[in-house]
Amino acid sequence: MSELDQKITGFDLWHLALPVVSRRDHGIGAVEGACEIVVLRLTAEGGADGWGEASPWAVFTGSPEAADAALDRYIRPHVVGRRVGDRAAIMADAARAVAHCTEAKAALETALLDLTGCISGVPVWALLGGKCRDTIPLSVSIANPDFDRDIDLMQRIRTDGVRLIKLKTGFAGHAFDIRRLERIAQDFPEFETRVDFNQGLGPEDAVARVRDIAGFGPSFIEQPVAAHHFGLMADIRAAIDVPLLADESVFGPEDMGRAVAERIADGVSVKIMKSGGPTRAQTVARMAAAAGMTAYGGDMFESGLAHLAGTHMIAATPEISLGCEFYQAQYYLAEDILEEPFPSAGGVVTVPDGPGLGIRPDIDKLAYMARAA
Ligand SMILES: [Mg+2]
């Protein structure tokens with residue numbers, strides 16, 4: 001009997017509120033105080049366990065309550081009692097059991113991969129196709145409504161070796177965006193700058209404003225308008241010389257097919273929380289590459305646990321060539337939940353080589369960060 005014939009016997013959930021160090025504003029909403037995640041632990045009958053995280057944002061993907069209920073009520077019956085090695089069948093059953101709730105499905109696939117890797121003694125990247133890179137360039141997002149504090153952050157990350165930033169725009173007026181881009185160009189020439197509107201522009205002035213921003217020569221401009229405005233995305237793309245990225249418009253492979261057909265972007269932000277797990281994220285990236293588009297490794301408001309899942313996915317996906325934004329564990333959370341620091345330093349994330357995800361959550365931290373009911 002294979003080790004992977006072991007049954008899954010344990011299915012435990014934690015709904016956490018993780019304190020953050022500052023307010024952050026985006027085109028679709030703000031985060032302040034804490035971000036909420038749901039952590040899943042699967043245990044096999046031999047005693048090994050595997051961990052996964054759902055990182056919802058209510059205004060973007062869905063609510064933490066929905067992720068918690070999807071896992072607890074609708075997905076659990078399709079997992080407990082199944083064999084560890086039946087990952088594809090379990091994921092197919094979870095997809096049918098509850099619509100949407102992509103963050104919950106990402107947590108499930110991550111925990112199944114971690115469990116399989118820990119039992120087999122191989123890293124998650126090996127289960128996702130093998131490694132194409134040992135490090136991933138790190139991008140840090142600049143999103144504080146108090147720009148003086150972001151100047152402090154940019155000085156800090158520049159000293160740390162970070163060379164990619166993403167300026168969040170479209171939440172406090174066009175003049176504020178222009179002023180910040182001018183200051184960055186003047187005082188921080190070391191950075192390659194990307195711009196992300198998070199759907200912040202209305203149809204009345206989107207083309208004109210994006211044209212202004214394109215004049216600063218960012219390496220890409222991301223999702224200026226609402227997710228469902230595919231036609232307007234295509235119009236903006238045709239009006240500028242800077243690459244346009246789709247984020248909120250493309251969750252999974254189904255959206256990606258439409259994005260390619262309607263030519264709405266030059267690239268896509270790939271996130272396991274949107275696609276519903278690492279495997280479907282890889283499919284999105286490969287569809288983009290096949291259509292001549294680039295791919296970037298995005299994230300939600302995550303702990304180091306979800307960052308690890310994204311890191312292993314990107315390590316095994318050569319089509320994601322624009323780096324990642326797994327900065328929250330180091331620069332945004334007051335305290336991460338992992339036993340060891342998430343491996344970002346010197347402007348890159350280093351891919352772990354240990355079994356499974358390579359680092360485990362600290363179970364004591366899960367207890368005291370549990371969200372008060
Ligand atoms: Mg984005």
# chains A, B, ... in the order shown; residues from 1 in each chain; ligands from 1

$ residues_near_ligand --ligand "ligand 1" --cutoff "10 Å" --atoms "only C-alpha atoms and all ligand atoms" --output "ChimeraX atom specification"
/A:26-27,60,141,166,168,195-199,221-224,245-249,268-271,296,298-300

$ write_last_selection --atoms "C-alpha atoms" --output "PDB file, in the first residue's frame"
ATOM      1  CA  HIS A  26      -7.136  50.735  -3.332  1.00  0.00           C
ATOM      2  CA  GLY A  27      -9.538  51.726  -6.081  1.00  0.00           C
ATOM      3  CA  PHE A  60     -12.623  41.747  -4.419  1.00  0.00           C
ATOM      4  CA  SER A 141       2.806  47.902  -3.202  1.00  0.00           C
ATOM      5  CA  LYS A 166       3.501  48.969  -7.547  1.00  0.00           C
ATOM      6  CA  LYS A 168      -1.900  51.958  -6.071  1.00  0.00           C
ATOM      7  CA  VAL A 195       0.685  51.148 -11.489  1.00  0.00           C
ATOM      8  CA  ASP A 196      -2.538  49.461 -10.291  1.00  0.00           C
ATOM      9  CA  PHE A 197      -5.934  51.204 -10.287  1.00  0.00           C
ATOM     10  CA  ASN A 198      -7.882  48.280  -8.794  1.00  0.00           C
ATOM     11  CA  GLN A 199     -10.933  49.288 -10.905  1.00  0.00           C
ATOM     12  CA  ILE A 221      -0.804  49.650 -15.778  1.00  0.00           C
ATOM     13  CA  GLU A 222      -3.228  47.273 -14.069  1.00  0.00           C
ATOM     14  CA  GLN A 223      -7.035  47.072 -14.125  1.00  0.00           C
ATOM     15  CA  PRO A 224      -8.051  50.745 -14.478  1.00  0.00           C
ATOM     16  CA  LEU A 245      -2.677  44.124 -17.186  1.00  0.00           C
ATOM     17  CA  ALA A 246      -5.964  42.496 -16.218  1.00  0.00           C
ATOM     18  CA  ASP A 247      -6.455  41.542 -12.566  1.00  0.00           C
ATOM     19  CA  GLU A 248     -10.059  41.673 -11.303  1.00  0.00           C
ATOM     20  CA  SER A 249     -11.328  40.889 -14.844  1.00  0.00           C
ATOM     21  CA  VAL A 268      -2.585  39.095 -16.421  1.00  0.00           C
ATOM     22  CA  SER A 269      -2.143  39.072 -12.649  1.00  0.00           C
ATOM     23  CA  VAL A 270      -2.274  35.407 -11.596  1.00  0.00           C
ATOM     24  CA  LYS A 271      -3.464  34.688  -8.029  1.00  0.00           C
ATOM     25  CA  TYR A 296       2.547  38.460 -12.936  1.00  0.00           C
ATOM     26  CA  GLY A 298      -0.237  38.688  -7.544  1.00  0.00           C
ATOM     27  CA  ASP A 299      -1.733  38.098  -4.119  1.00  0.00           C
ATOM     28  CA  MET A 300      -4.487  39.217  -1.760  1.00  0.00           C
TER      29      MET A 300
END

$ residues_around --residues "Gly297 (chain A)" --least-positions-apart "5" --cutoff "8 Å" --atoms "only C-alpha atoms" --output "JSON, numbers by chain"
{"A": [269, 270, 271, 310, 314, 320, 322, 323, 324, 325]}

$ select_by_dssp --residues "region 235-340 of chain A" --states "alpha helix (DSSP H)" --output "number ranges by chain"
A: 235-239, 253-262, 272-275, 278-290, 304-315, 328-331

$ residues_around --residues "His174 (chain A)" --least-positions-apart "6" --cutoff "10 Å" --atoms "only C-alpha atoms" --output "PyMOL selection string"
chain A and resi 201+209-210+212-213

$ closest_atom_pairs --of "region 214-312 of chain A" --to "region 330-333 of chain A" --cutoff "10 Å" --atoms "only C-alpha atoms" --output "JSON lines"
{"residue": "A:Phe301", "atom": "CA", "partner": "A:Tyr332", "partner_atom": "CA", "distance": 9.0}
{"residue": "A:Glu302", "atom": "CA", "partner": "A:Leu333", "partner_atom": "CA", "distance": 8.7}
{"residue": "A:Ser303", "atom": "CA", "partner": "A:Leu333", "partner_atom": "CA", "distance": 7.6}
{"residue": "A:Gly304", "atom": "CA", "partner": "A:Gln330", "partner_atom": "CA", "distance": 8.4}

$ write_last_selection --atoms "N, CA and C atoms" --output "CSV table (one decimal), in the first residue's frame"
chain,number,residue,atom,x,y,z
A,301,PHE,N,-4.6,40.0,0.6
A,301,PHE,CA,-4.0,40.4,1.9
A,301,PHE,C,-3.8,39.0,2.6
A,302,GLU,N,-2.6,38.6,2.6
A,302,GLU,CA,-2.3,37.2,3.0
A,302,GLU,C,-1.2,37.1,4.1
A,303,SER,N,-1.2,36.0,4.8
A,303,SER,CA,-0.1,35.7,5.7
A,303,SER,C,1.0,35.0,4.9
A,304,GLY,N,2.1,34.7,5.5
A,304,GLY,CA,3.2,33.9,4.9
A,304,GLY,C,2.8,32.6,4.4
